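The file input00.cif comes next; it holds mmCIF, N, CA and C atoms.
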data_entry
#
loop_
_atom_site.label_atom_id
_atom_site.label_comp_id
_atom_site.auth_asym_id
_atom_site.auth_seq_id
_atom_site.Cartn_x
_atom_site.Cartn_y
_atom_site.Cartn_z
N MET E 240 -20.97 19.98 -55.80
CA MET E 240 -19.94 20.99 -55.88
C MET E 240 -18.57 20.30 -55.87
N HIS E 241 -17.65 20.78 -56.66
CA HIS E 241 -16.31 20.22 -56.78
C HIS E 241 -15.44 20.67 -55.62
N ASP E 242 -14.79 19.71 -54.96
CA ASP E 242 -13.90 20.00 -53.84
C ASP E 242 -12.59 20.54 -54.39
N THR E 243 -12.20 21.73 -53.97
CA THR E 243 -10.98 22.37 -54.50
C THR E 243 -9.88 22.51 -53.47
N ARG E 244 -10.01 21.89 -52.30
CA ARG E 244 -9.02 22.07 -51.24
C ARG E 244 -7.64 21.55 -51.60
N LEU E 245 -7.54 20.69 -52.59
CA LEU E 245 -6.23 20.16 -52.99
C LEU E 245 -5.72 20.75 -54.30
N ASN E 246 -6.43 21.76 -54.82
CA ASN E 246 -6.03 22.38 -56.10
C ASN E 246 -4.57 22.80 -56.08
N GLY E 247 -3.82 22.30 -57.04
CA GLY E 247 -2.43 22.69 -57.21
C GLY E 247 -1.46 22.11 -56.19
N ARG E 248 -1.94 21.33 -55.26
CA ARG E 248 -1.07 20.72 -54.25
C ARG E 248 -0.38 19.50 -54.84
N HIS E 249 0.91 19.39 -54.62
CA HIS E 249 1.71 18.28 -55.15
C HIS E 249 1.73 17.14 -54.13
N VAL E 250 1.21 15.99 -54.56
CA VAL E 250 1.06 14.84 -53.68
C VAL E 250 1.96 13.69 -54.14
N LEU E 251 2.71 13.14 -53.22
CA LEU E 251 3.51 11.95 -53.45
C LEU E 251 2.69 10.76 -52.96
N ILE E 252 2.48 9.77 -53.82
CA ILE E 252 1.75 8.56 -53.46
C ILE E 252 2.73 7.39 -53.45
N ILE E 253 2.81 6.71 -52.32
CA ILE E 253 3.63 5.50 -52.21
C ILE E 253 2.67 4.36 -51.86
N GLU E 254 2.44 3.50 -52.81
CA GLU E 254 1.46 2.41 -52.68
C GLU E 254 1.88 1.27 -53.58
N ASP E 255 2.04 0.07 -53.01
CA ASP E 255 2.49 -1.06 -53.82
C ASP E 255 1.37 -1.83 -54.49
N ASN E 256 0.12 -1.55 -54.13
CA ASN E 256 -1.01 -2.20 -54.81
C ASN E 256 -1.43 -1.32 -55.99
N PHE E 257 -1.28 -1.85 -57.19
CA PHE E 257 -1.54 -1.07 -58.39
C PHE E 257 -2.94 -0.45 -58.38
N TYR E 258 -3.95 -1.24 -58.04
CA TYR E 258 -5.32 -0.74 -58.10
C TYR E 258 -5.57 0.36 -57.07
N GLN E 259 -5.04 0.18 -55.87
CA GLN E 259 -5.17 1.21 -54.84
C GLN E 259 -4.43 2.48 -55.26
N ALA E 260 -3.24 2.31 -55.84
CA ALA E 260 -2.45 3.46 -56.30
C ALA E 260 -3.20 4.23 -57.37
N GLU E 261 -3.74 3.52 -58.34
CA GLU E 261 -4.48 4.19 -59.41
C GLU E 261 -5.75 4.86 -58.89
N ASP E 262 -6.43 4.20 -57.97
CA ASP E 262 -7.63 4.79 -57.39
C ASP E 262 -7.28 6.08 -56.64
N SER E 263 -6.21 6.04 -55.87
CA SER E 263 -5.77 7.24 -55.14
C SER E 263 -5.36 8.33 -56.12
N ARG E 264 -4.62 7.97 -57.15
CA ARG E 264 -4.18 8.95 -58.15
C ARG E 264 -5.38 9.63 -58.81
N GLU E 265 -6.33 8.83 -59.24
CA GLU E 265 -7.52 9.39 -59.90
C GLU E 265 -8.33 10.27 -58.95
N SER E 266 -8.51 9.81 -57.72
CA SER E 266 -9.28 10.58 -56.74
C SER E 266 -8.64 11.93 -56.46
N LEU E 267 -7.33 11.92 -56.23
CA LEU E 267 -6.63 13.16 -55.90
C LEU E 267 -6.54 14.10 -57.10
N ALA E 268 -6.28 13.55 -58.28
CA ALA E 268 -6.24 14.39 -59.48
C ALA E 268 -7.62 14.99 -59.75
N GLY E 269 -8.65 14.21 -59.47
CA GLY E 269 -10.02 14.72 -59.64
C GLY E 269 -10.34 15.86 -58.70
N ALA E 270 -9.61 15.92 -57.58
CA ALA E 270 -9.80 17.01 -56.61
C ALA E 270 -8.83 18.16 -56.87
N GLY E 271 -8.14 18.11 -58.00
CA GLY E 271 -7.26 19.21 -58.37
C GLY E 271 -5.81 19.06 -57.96
N ALA E 272 -5.48 17.97 -57.26
CA ALA E 272 -4.10 17.77 -56.84
C ALA E 272 -3.22 17.41 -58.03
N VAL E 273 -1.96 17.74 -57.92
CA VAL E 273 -0.96 17.33 -58.91
C VAL E 273 -0.23 16.14 -58.29
N VAL E 274 -0.27 15.01 -58.96
CA VAL E 274 0.43 13.83 -58.43
C VAL E 274 1.89 13.98 -58.80
N ALA E 275 2.71 14.29 -57.80
CA ALA E 275 4.14 14.53 -58.01
C ALA E 275 4.84 13.24 -58.43
N ALA E 276 4.43 12.13 -57.84
CA ALA E 276 4.95 10.82 -58.19
C ALA E 276 4.02 9.78 -57.57
N CYS E 277 3.93 8.65 -58.23
CA CYS E 277 3.15 7.53 -57.72
C CYS E 277 4.04 6.30 -57.87
N ARG E 278 4.53 5.79 -56.75
CA ARG E 278 5.53 4.73 -56.77
C ARG E 278 5.14 3.58 -55.86
N ALA E 279 5.66 2.40 -56.18
CA ALA E 279 5.41 1.21 -55.37
C ALA E 279 6.44 1.06 -54.26
N THR E 280 7.55 1.78 -54.37
CA THR E 280 8.60 1.73 -53.36
C THR E 280 9.03 3.15 -53.03
N PRO E 281 9.60 3.35 -51.85
CA PRO E 281 10.05 4.70 -51.48
C PRO E 281 11.13 5.20 -52.44
N PRO E 282 11.00 6.44 -52.88
CA PRO E 282 12.01 7.01 -53.78
C PRO E 282 13.21 7.53 -53.00
N ASP E 283 14.25 7.87 -53.72
CA ASP E 283 15.34 8.65 -53.15
C ASP E 283 14.74 10.04 -52.98
N LEU E 284 14.46 10.43 -51.76
CA LEU E 284 13.71 11.67 -51.51
C LEU E 284 14.45 12.90 -51.99
N ASP E 285 15.76 12.95 -51.75
CA ASP E 285 16.53 14.11 -52.22
C ASP E 285 16.46 14.24 -53.74
N GLU E 286 16.58 13.13 -54.43
CA GLU E 286 16.50 13.13 -55.90
C GLU E 286 15.13 13.61 -56.36
N LEU E 287 14.07 13.07 -55.77
CA LEU E 287 12.71 13.46 -56.13
C LEU E 287 12.49 14.95 -55.90
N LEU E 288 12.87 15.43 -54.71
CA LEU E 288 12.64 16.83 -54.36
C LEU E 288 13.49 17.79 -55.18
N SER E 289 14.57 17.29 -55.78
CA SER E 289 15.41 18.16 -56.60
C SER E 289 14.72 18.57 -57.90
N HIS E 290 13.71 17.83 -58.31
CA HIS E 290 13.03 18.19 -59.55
C HIS E 290 11.51 18.23 -59.44
N THR E 291 10.96 17.88 -58.27
CA THR E 291 9.51 17.87 -58.10
C THR E 291 9.14 18.35 -56.71
N PRO E 292 8.32 19.39 -56.61
CA PRO E 292 7.87 19.79 -55.27
C PRO E 292 6.89 18.77 -54.71
N VAL E 293 6.91 18.60 -53.41
CA VAL E 293 5.96 17.71 -52.73
C VAL E 293 5.39 18.49 -51.55
N ASP E 294 4.07 18.67 -51.55
CA ASP E 294 3.39 19.37 -50.47
C ASP E 294 2.94 18.41 -49.37
N ILE E 295 2.63 17.17 -49.77
CA ILE E 295 2.13 16.16 -48.83
C ILE E 295 2.32 14.80 -49.46
N ALA E 296 2.41 13.77 -48.61
CA ALA E 296 2.57 12.40 -49.11
C ALA E 296 1.48 11.50 -48.54
N LEU E 297 1.07 10.54 -49.35
CA LEU E 297 0.15 9.49 -48.95
C LEU E 297 0.95 8.20 -48.97
N LEU E 298 1.14 7.60 -47.79
CA LEU E 298 2.04 6.46 -47.66
C LEU E 298 1.31 5.20 -47.23
N ASP E 299 1.37 4.18 -48.07
CA ASP E 299 0.96 2.85 -47.64
C ASP E 299 2.02 2.39 -46.64
N ILE E 300 1.61 1.77 -45.56
CA ILE E 300 2.58 1.35 -44.55
C ILE E 300 3.36 0.12 -45.01
N ASN E 301 2.65 -0.91 -45.45
CA ASN E 301 3.31 -2.16 -45.81
C ASN E 301 3.57 -2.19 -47.32
N LEU E 302 4.84 -2.13 -47.67
CA LEU E 302 5.24 -2.13 -49.08
C LEU E 302 5.96 -3.44 -49.41
N GLY E 303 5.29 -4.53 -49.20
CA GLY E 303 5.89 -5.84 -49.46
C GLY E 303 6.88 -6.18 -48.36
N GLN E 304 8.17 -6.17 -48.69
CA GLN E 304 9.21 -6.55 -47.74
C GLN E 304 9.63 -5.41 -46.81
N ILE E 305 9.18 -4.21 -47.08
CA ILE E 305 9.58 -3.06 -46.26
C ILE E 305 8.34 -2.29 -45.80
N ARG E 306 8.56 -1.40 -44.86
CA ARG E 306 7.51 -0.49 -44.42
C ARG E 306 7.95 0.92 -44.74
N SER E 307 7.01 1.83 -44.77
CA SER E 307 7.30 3.21 -45.19
C SER E 307 7.73 4.13 -44.06
N PHE E 308 8.05 3.59 -42.89
CA PHE E 308 8.36 4.43 -41.74
C PHE E 308 9.62 5.26 -41.93
N ASP E 309 10.64 4.72 -42.56
CA ASP E 309 11.86 5.51 -42.79
C ASP E 309 11.58 6.69 -43.72
N LEU E 310 10.77 6.46 -44.74
CA LEU E 310 10.39 7.56 -45.63
C LEU E 310 9.58 8.60 -44.85
N ALA E 311 8.67 8.15 -43.99
CA ALA E 311 7.88 9.07 -43.18
C ALA E 311 8.78 9.94 -42.32
N ARG E 312 9.80 9.33 -41.74
CA ARG E 312 10.74 10.10 -40.91
C ARG E 312 11.52 11.11 -41.75
N ALA E 313 11.90 10.71 -42.96
CA ALA E 313 12.62 11.63 -43.86
C ALA E 313 11.72 12.80 -44.26
N LEU E 314 10.45 12.53 -44.50
CA LEU E 314 9.50 13.60 -44.81
C LEU E 314 9.33 14.53 -43.61
N LEU E 315 9.20 13.94 -42.44
CA LEU E 315 9.05 14.71 -41.20
C LEU E 315 10.25 15.64 -40.99
N ALA E 316 11.44 15.14 -41.27
CA ALA E 316 12.65 15.95 -41.11
C ALA E 316 12.68 17.13 -42.08
N ARG E 317 11.94 17.01 -43.18
CA ARG E 317 11.87 18.09 -44.18
C ARG E 317 10.59 18.91 -44.05
N ASN E 318 9.85 18.69 -42.97
CA ASN E 318 8.58 19.39 -42.72
C ASN E 318 7.56 19.18 -43.83
N ILE E 319 7.56 17.99 -44.42
CA ILE E 319 6.56 17.64 -45.43
C ILE E 319 5.55 16.73 -44.74
N PRO E 320 4.30 17.18 -44.65
CA PRO E 320 3.30 16.35 -43.97
C PRO E 320 2.98 15.09 -44.76
N PHE E 321 2.48 14.10 -44.06
CA PHE E 321 2.12 12.84 -44.70
C PHE E 321 0.93 12.23 -43.97
N VAL E 322 0.29 11.31 -44.67
CA VAL E 322 -0.84 10.56 -44.13
C VAL E 322 -0.57 9.10 -44.45
N PHE E 323 -0.80 8.22 -43.49
CA PHE E 323 -0.65 6.79 -43.74
C PHE E 323 -1.96 6.23 -44.28
N LEU E 324 -1.85 5.27 -45.18
CA LEU E 324 -2.99 4.53 -45.72
C LEU E 324 -2.66 3.07 -45.53
N THR E 325 -3.52 2.33 -44.81
CA THR E 325 -3.17 0.95 -44.51
C THR E 325 -4.38 0.07 -44.26
N GLY E 326 -4.17 -1.20 -44.46
CA GLY E 326 -5.17 -2.19 -44.11
C GLY E 326 -4.91 -2.77 -42.73
N TYR E 327 -3.83 -2.34 -42.11
CA TYR E 327 -3.44 -2.83 -40.79
C TYR E 327 -4.02 -1.96 -39.69
N ASP E 328 -3.95 -2.46 -38.47
CA ASP E 328 -4.38 -1.71 -37.31
C ASP E 328 -3.49 -0.48 -37.15
N PRO E 329 -4.04 0.69 -36.85
CA PRO E 329 -3.23 1.90 -36.67
C PRO E 329 -2.15 1.77 -35.60
N GLY E 330 -2.29 0.80 -34.70
CA GLY E 330 -1.31 0.58 -33.65
C GLY E 330 0.04 0.13 -34.17
N ILE E 331 0.12 -0.21 -35.44
CA ILE E 331 1.38 -0.62 -36.05
C ILE E 331 2.34 0.56 -36.22
N VAL E 332 1.80 1.77 -36.19
CA VAL E 332 2.61 2.97 -36.38
C VAL E 332 3.49 3.20 -35.15
N PRO E 333 4.80 3.38 -35.35
CA PRO E 333 5.70 3.62 -34.21
C PRO E 333 5.34 4.92 -33.48
N PRO E 334 5.67 4.99 -32.20
CA PRO E 334 5.31 6.16 -31.39
C PRO E 334 5.79 7.49 -31.97
N ASP E 335 6.97 7.53 -32.58
CA ASP E 335 7.49 8.80 -33.11
C ASP E 335 6.72 9.29 -34.33
N LEU E 336 5.89 8.42 -34.91
CA LEU E 336 5.10 8.81 -36.09
C LEU E 336 3.59 8.77 -35.81
N ALA E 337 3.24 8.49 -34.57
CA ALA E 337 1.84 8.26 -34.21
C ALA E 337 0.94 9.48 -34.37
N ALA E 338 1.50 10.67 -34.49
CA ALA E 338 0.68 11.88 -34.66
C ALA E 338 0.12 11.99 -36.08
N ALA E 339 0.66 11.23 -37.01
CA ALA E 339 0.20 11.29 -38.41
C ALA E 339 -1.17 10.62 -38.53
N PRO E 340 -2.04 11.21 -39.34
CA PRO E 340 -3.34 10.57 -39.57
C PRO E 340 -3.17 9.22 -40.26
N VAL E 341 -4.07 8.30 -39.95
CA VAL E 341 -4.07 6.97 -40.57
C VAL E 341 -5.44 6.75 -41.20
N ILE E 342 -5.44 6.47 -42.49
CA ILE E 342 -6.68 6.16 -43.21
C ILE E 342 -6.72 4.65 -43.41
N ALA E 343 -7.85 4.04 -43.08
CA ALA E 343 -8.02 2.61 -43.26
C ALA E 343 -8.41 2.29 -44.70
N LYS E 344 -7.80 1.25 -45.24
CA LYS E 344 -8.18 0.76 -46.57
C LYS E 344 -9.40 -0.13 -46.41
N PRO E 345 -10.28 -0.14 -47.37
CA PRO E 345 -10.29 0.76 -48.53
C PRO E 345 -10.84 2.13 -48.15
N ALA E 346 -10.21 3.16 -48.65
CA ALA E 346 -10.62 4.53 -48.33
C ALA E 346 -11.50 5.07 -49.45
N ASP E 347 -12.59 5.70 -49.08
CA ASP E 347 -13.39 6.33 -50.13
C ASP E 347 -12.79 7.70 -50.46
N THR E 348 -13.17 8.20 -51.60
CA THR E 348 -12.60 9.45 -52.12
C THR E 348 -12.77 10.61 -51.16
N SER E 349 -13.95 10.76 -50.58
CA SER E 349 -14.18 11.92 -49.70
C SER E 349 -13.30 11.84 -48.45
N CYS E 350 -13.10 10.65 -47.91
CA CYS E 350 -12.24 10.48 -46.73
C CYS E 350 -10.80 10.82 -47.09
N LEU E 351 -10.35 10.34 -48.23
CA LEU E 351 -8.98 10.59 -48.68
C LEU E 351 -8.72 12.08 -48.85
N ILE E 352 -9.59 12.75 -49.58
CA ILE E 352 -9.44 14.18 -49.85
C ILE E 352 -9.55 14.99 -48.55
N ASP E 353 -10.53 14.65 -47.73
CA ASP E 353 -10.73 15.39 -46.49
C ASP E 353 -9.53 15.25 -45.55
N THR E 354 -9.00 14.04 -45.42
CA THR E 354 -7.87 13.82 -44.52
C THR E 354 -6.62 14.55 -45.01
N LEU E 355 -6.34 14.48 -46.30
CA LEU E 355 -5.18 15.18 -46.84
C LEU E 355 -5.35 16.70 -46.68
N ALA E 356 -6.53 17.21 -46.97
CA ALA E 356 -6.77 18.65 -46.86
C ALA E 356 -6.63 19.12 -45.42
N ARG E 357 -7.16 18.35 -44.47
CA ARG E 357 -7.03 18.71 -43.06
C ARG E 357 -5.58 18.67 -42.60
N ARG E 358 -4.83 17.68 -43.08
CA ARG E 358 -3.41 17.57 -42.70
C ARG E 358 -2.62 18.75 -43.26
N LEU E 359 -2.92 19.15 -44.50
CA LEU E 359 -2.26 20.32 -45.08
C LEU E 359 -2.59 21.58 -44.30
N SER E 360 -3.84 21.74 -43.91
CA SER E 360 -4.25 22.91 -43.12
C SER E 360 -3.56 22.93 -41.77
N ALA E 361 -3.48 21.77 -41.11
CA ALA E 361 -2.82 21.69 -39.82
C ALA E 361 -1.34 21.99 -39.96
N SER E 362 -0.74 21.50 -41.02
CA SER E 362 0.68 21.73 -41.26
C SER E 362 0.95 23.21 -41.52
N SER E 363 0.07 23.85 -42.27
CA SER E 363 0.21 25.28 -42.55
C SER E 363 0.09 26.11 -41.27
N ALA E 364 -0.83 25.69 -40.40
CA ALA E 364 -1.01 26.40 -39.13
C ALA E 364 0.22 26.24 -38.24
N GLU E 365 0.84 25.04 -38.27
CA GLU E 365 2.04 24.80 -37.47
C GLU E 365 3.22 25.63 -37.97
N ASP E 366 3.26 25.85 -39.29
CA ASP E 366 4.38 26.59 -39.90
C ASP E 366 4.21 28.10 -39.83
N ALA E 367 3.00 28.57 -39.49
CA ALA E 367 2.74 30.01 -39.47
C ALA E 367 3.53 30.66 -38.34
N PRO E 368 4.01 31.89 -38.59
CA PRO E 368 4.74 32.59 -37.53
C PRO E 368 3.82 32.89 -36.34
N ALA E 369 4.38 32.87 -35.17
CA ALA E 369 3.57 33.10 -33.95
C ALA E 369 3.36 34.57 -33.72
#
Could you render the structure as structure tokens?
Amino acid sequence: MHDTRLNGRHVLIIEDNFYQAEDSRESLAGAGAVVAACRATPPDLDELLSHTPVDIALLDINLGQIRSFDLARALLARNIPFVFLTGYDPGIVPPDLAAAPVIAKPADTSCLIDTLARRLSASSAEDAPA
């Protein structure tokens, strides 16, 4: 059965490894997600959001000379959920971002889709009126 939990959801992928980025793009598109952007470096978030909706982001932590923590904080400030994808120990995540799910590389398709779908559901529940 085809997993449809990501149907129509706009996903931002930040991954500096070409093969991992393409694998993530194909996996998420196969699950019905719309890849809003797939970049090796963090974008200007305001510029991106001015022309592309983003429902959730998949962030590689180590992007060569930089880490994606500042982008994660910018997403958090805009109430856009994100998931970290890394080959590093999850303990590398700073305390203010430690609530975000961390997927270990290499991630299989079902883990990737399931984690993003659960994060979207949790985010929707947090945003629901009380």
Give me, as a compact mmCIF listing (two decimals) with N, CA and C atoms, keeping the file's coordinate frame, all polymer residues having an atom no more than 7 Å from range 278-284 of chain E, counting only N, CA and C atoms and skipping those fewer than 3 positions away in the same chain.
# COMPACT_ATOMS: atom_id res chain seq x y z
N LEU E 251 2.71 13.14 -53.22
CA LEU E 251 3.51 11.95 -53.45
C LEU E 251 2.69 10.76 -52.96
N ILE E 252 2.48 9.77 -53.82
CA ILE E 252 1.75 8.56 -53.46
C ILE E 252 2.73 7.39 -53.45
N ILE E 253 2.81 6.71 -52.32
CA ILE E 253 3.63 5.50 -52.21
C ILE E 253 2.67 4.36 -51.86
N GLU E 254 2.44 3.50 -52.81
CA GLU E 254 1.46 2.41 -52.68
C GLU E 254 1.88 1.27 -53.58
N ASP E 255 2.04 0.07 -53.01
CA ASP E 255 2.49 -1.06 -53.82
C ASP E 255 1.37 -1.83 -54.49
N ASN E 256 0.12 -1.55 -54.13
CA ASN E 256 -1.01 -2.20 -54.81
C ASN E 256 -1.43 -1.32 -55.99
N LEU E 287 14.07 13.07 -55.77
CA LEU E 287 12.71 13.46 -56.13
C LEU E 287 12.49 14.95 -55.90
N LEU E 288 12.87 15.43 -54.71
CA LEU E 288 12.64 16.83 -54.36
C LEU E 288 13.49 17.79 -55.18
N SER E 289 14.57 17.29 -55.78
CA SER E 289 15.41 18.16 -56.60
C SER E 289 14.72 18.57 -57.90
N LEU E 302 4.84 -2.13 -47.67
CA LEU E 302 5.24 -2.13 -49.08
C LEU E 302 5.96 -3.44 -49.41
N LEU E 310 10.77 6.46 -44.74
CA LEU E 310 10.39 7.56 -45.63
C LEU E 310 9.58 8.60 -44.85
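Residues with any atom within 9 Å of Asn246 in chain E, counting only C-alpha atoms and excluding same-chain neighbours fewer than 5 positions away, are Ala268, Ala270, Gly271, Ala272 and Val273 of chain E.
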Sel. of alpha helix (DSSP H) residues, chain E, as a ChimeraX atom specification: /E:257-269,284-290,308-316,348-366
Residues matched by the PyMOL selection byres ((chain E and resi 312-320) around 6) as a short mmCIF file (atom, residue, chain, number, x, y, z; two decimals) with N, CA and C atoms, in the frame of the given file:
data_model
loop_
_atom_site.label_atom_id
_atom_site.label_comp_id
_atom_site.auth_asym_id
_atom_site.auth_seq_id
_atom_site.Cartn_x
_atom_site.Cartn_y
_atom_site.Cartn_z
N ASP E 294 4.07 18.67 -51.55
CA ASP E 294 3.39 19.37 -50.47
C ASP E 294 2.94 18.41 -49.37
N ILE E 295 2.63 17.17 -49.77
CA ILE E 295 2.13 16.16 -48.83
C ILE E 295 2.32 14.80 -49.46
N ALA E 296 2.41 13.77 -48.61
CA ALA E 296 2.57 12.40 -49.11
C ALA E 296 1.48 11.50 -48.54
N PHE E 308 8.05 3.59 -42.89
CA PHE E 308 8.36 4.43 -41.74
C PHE E 308 9.62 5.26 -41.93
N ASP E 309 10.64 4.72 -42.56
CA ASP E 309 11.86 5.51 -42.79
C ASP E 309 11.58 6.69 -43.72
N LEU E 310 10.77 6.46 -44.74
CA LEU E 310 10.39 7.56 -45.63
C LEU E 310 9.58 8.60 -44.85
N ALA E 311 8.67 8.15 -43.99
CA ALA E 311 7.88 9.07 -43.18
C ALA E 311 8.78 9.94 -42.32
N PHE E 321 2.48 14.10 -44.06
CA PHE E 321 2.12 12.84 -44.70
C PHE E 321 0.93 12.23 -43.97
N VAL E 322 0.29 11.31 -44.67
CA VAL E 322 -0.84 10.56 -44.13
C VAL E 322 -0.57 9.10 -44.45
#
Hey, can you check how far CA of Leu245 in chain E sits from CA of Ala356 in chain E?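 Distance reported for this atom pair: 6.3 Å.
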Could you tell me, as a PyMOL selection string, which residues of chain E DSSP assigns to strand (DSSP E or B) when given the backbone? chain E and resi 249-253+273-278+295-299+301-302+305-306+321-325+341-343
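Here CA of Thr291 in chain E is placed at a distance of 18.3 Å from atom N of Glu265 in chain E.
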Distance atom C of Pro292 in chain E-atom N of Gly247 in chain E, one decimal place? 11.5 Å
Using only C-alpha atoms, which of the listed residues (E:Tyr327, E:Ser263, E:Phe257, E:Thr348) sits closest to Leu297 in chain E?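 Using only C-alpha atoms, Leu297 in chain E sits closest to E:Ser263.
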Selected residue of minimal separation from Ala275 in chain E among E:Ala338, E:Val293, E:Ser360, E:Ile352, counting only N, CA and C atoms: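 Looking at the shortest contact to Ala275 in chain E, the residue is E:Val293.
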Minimum-distance residue to Phe323 in chain E, chosen among E:His249, E:Ile305, E:Lys344, E:Asp335 (using all atoms listed in the file):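 Closest to Phe323 in chain E, using all atoms listed in the file: E:Lys344.
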Distance criterion (all atoms listed in the file): nearest to Ala276 in chain E out of E:Ala346, E:Val341, E:Val250, E:Val332: E:Val250
With distances taken over only C-alpha atoms, which of E:Ala339, E:Ala361, E:Leu298, E:Cys277 is nearest to Thr325 in chain E? E:Leu298
Distance query Pro345 in chain E at most 9 Å, only C-alpha atoms, self and fewer than 4 positions along chain excluded, as an NGL selection string: :E and (259 or 324-326)
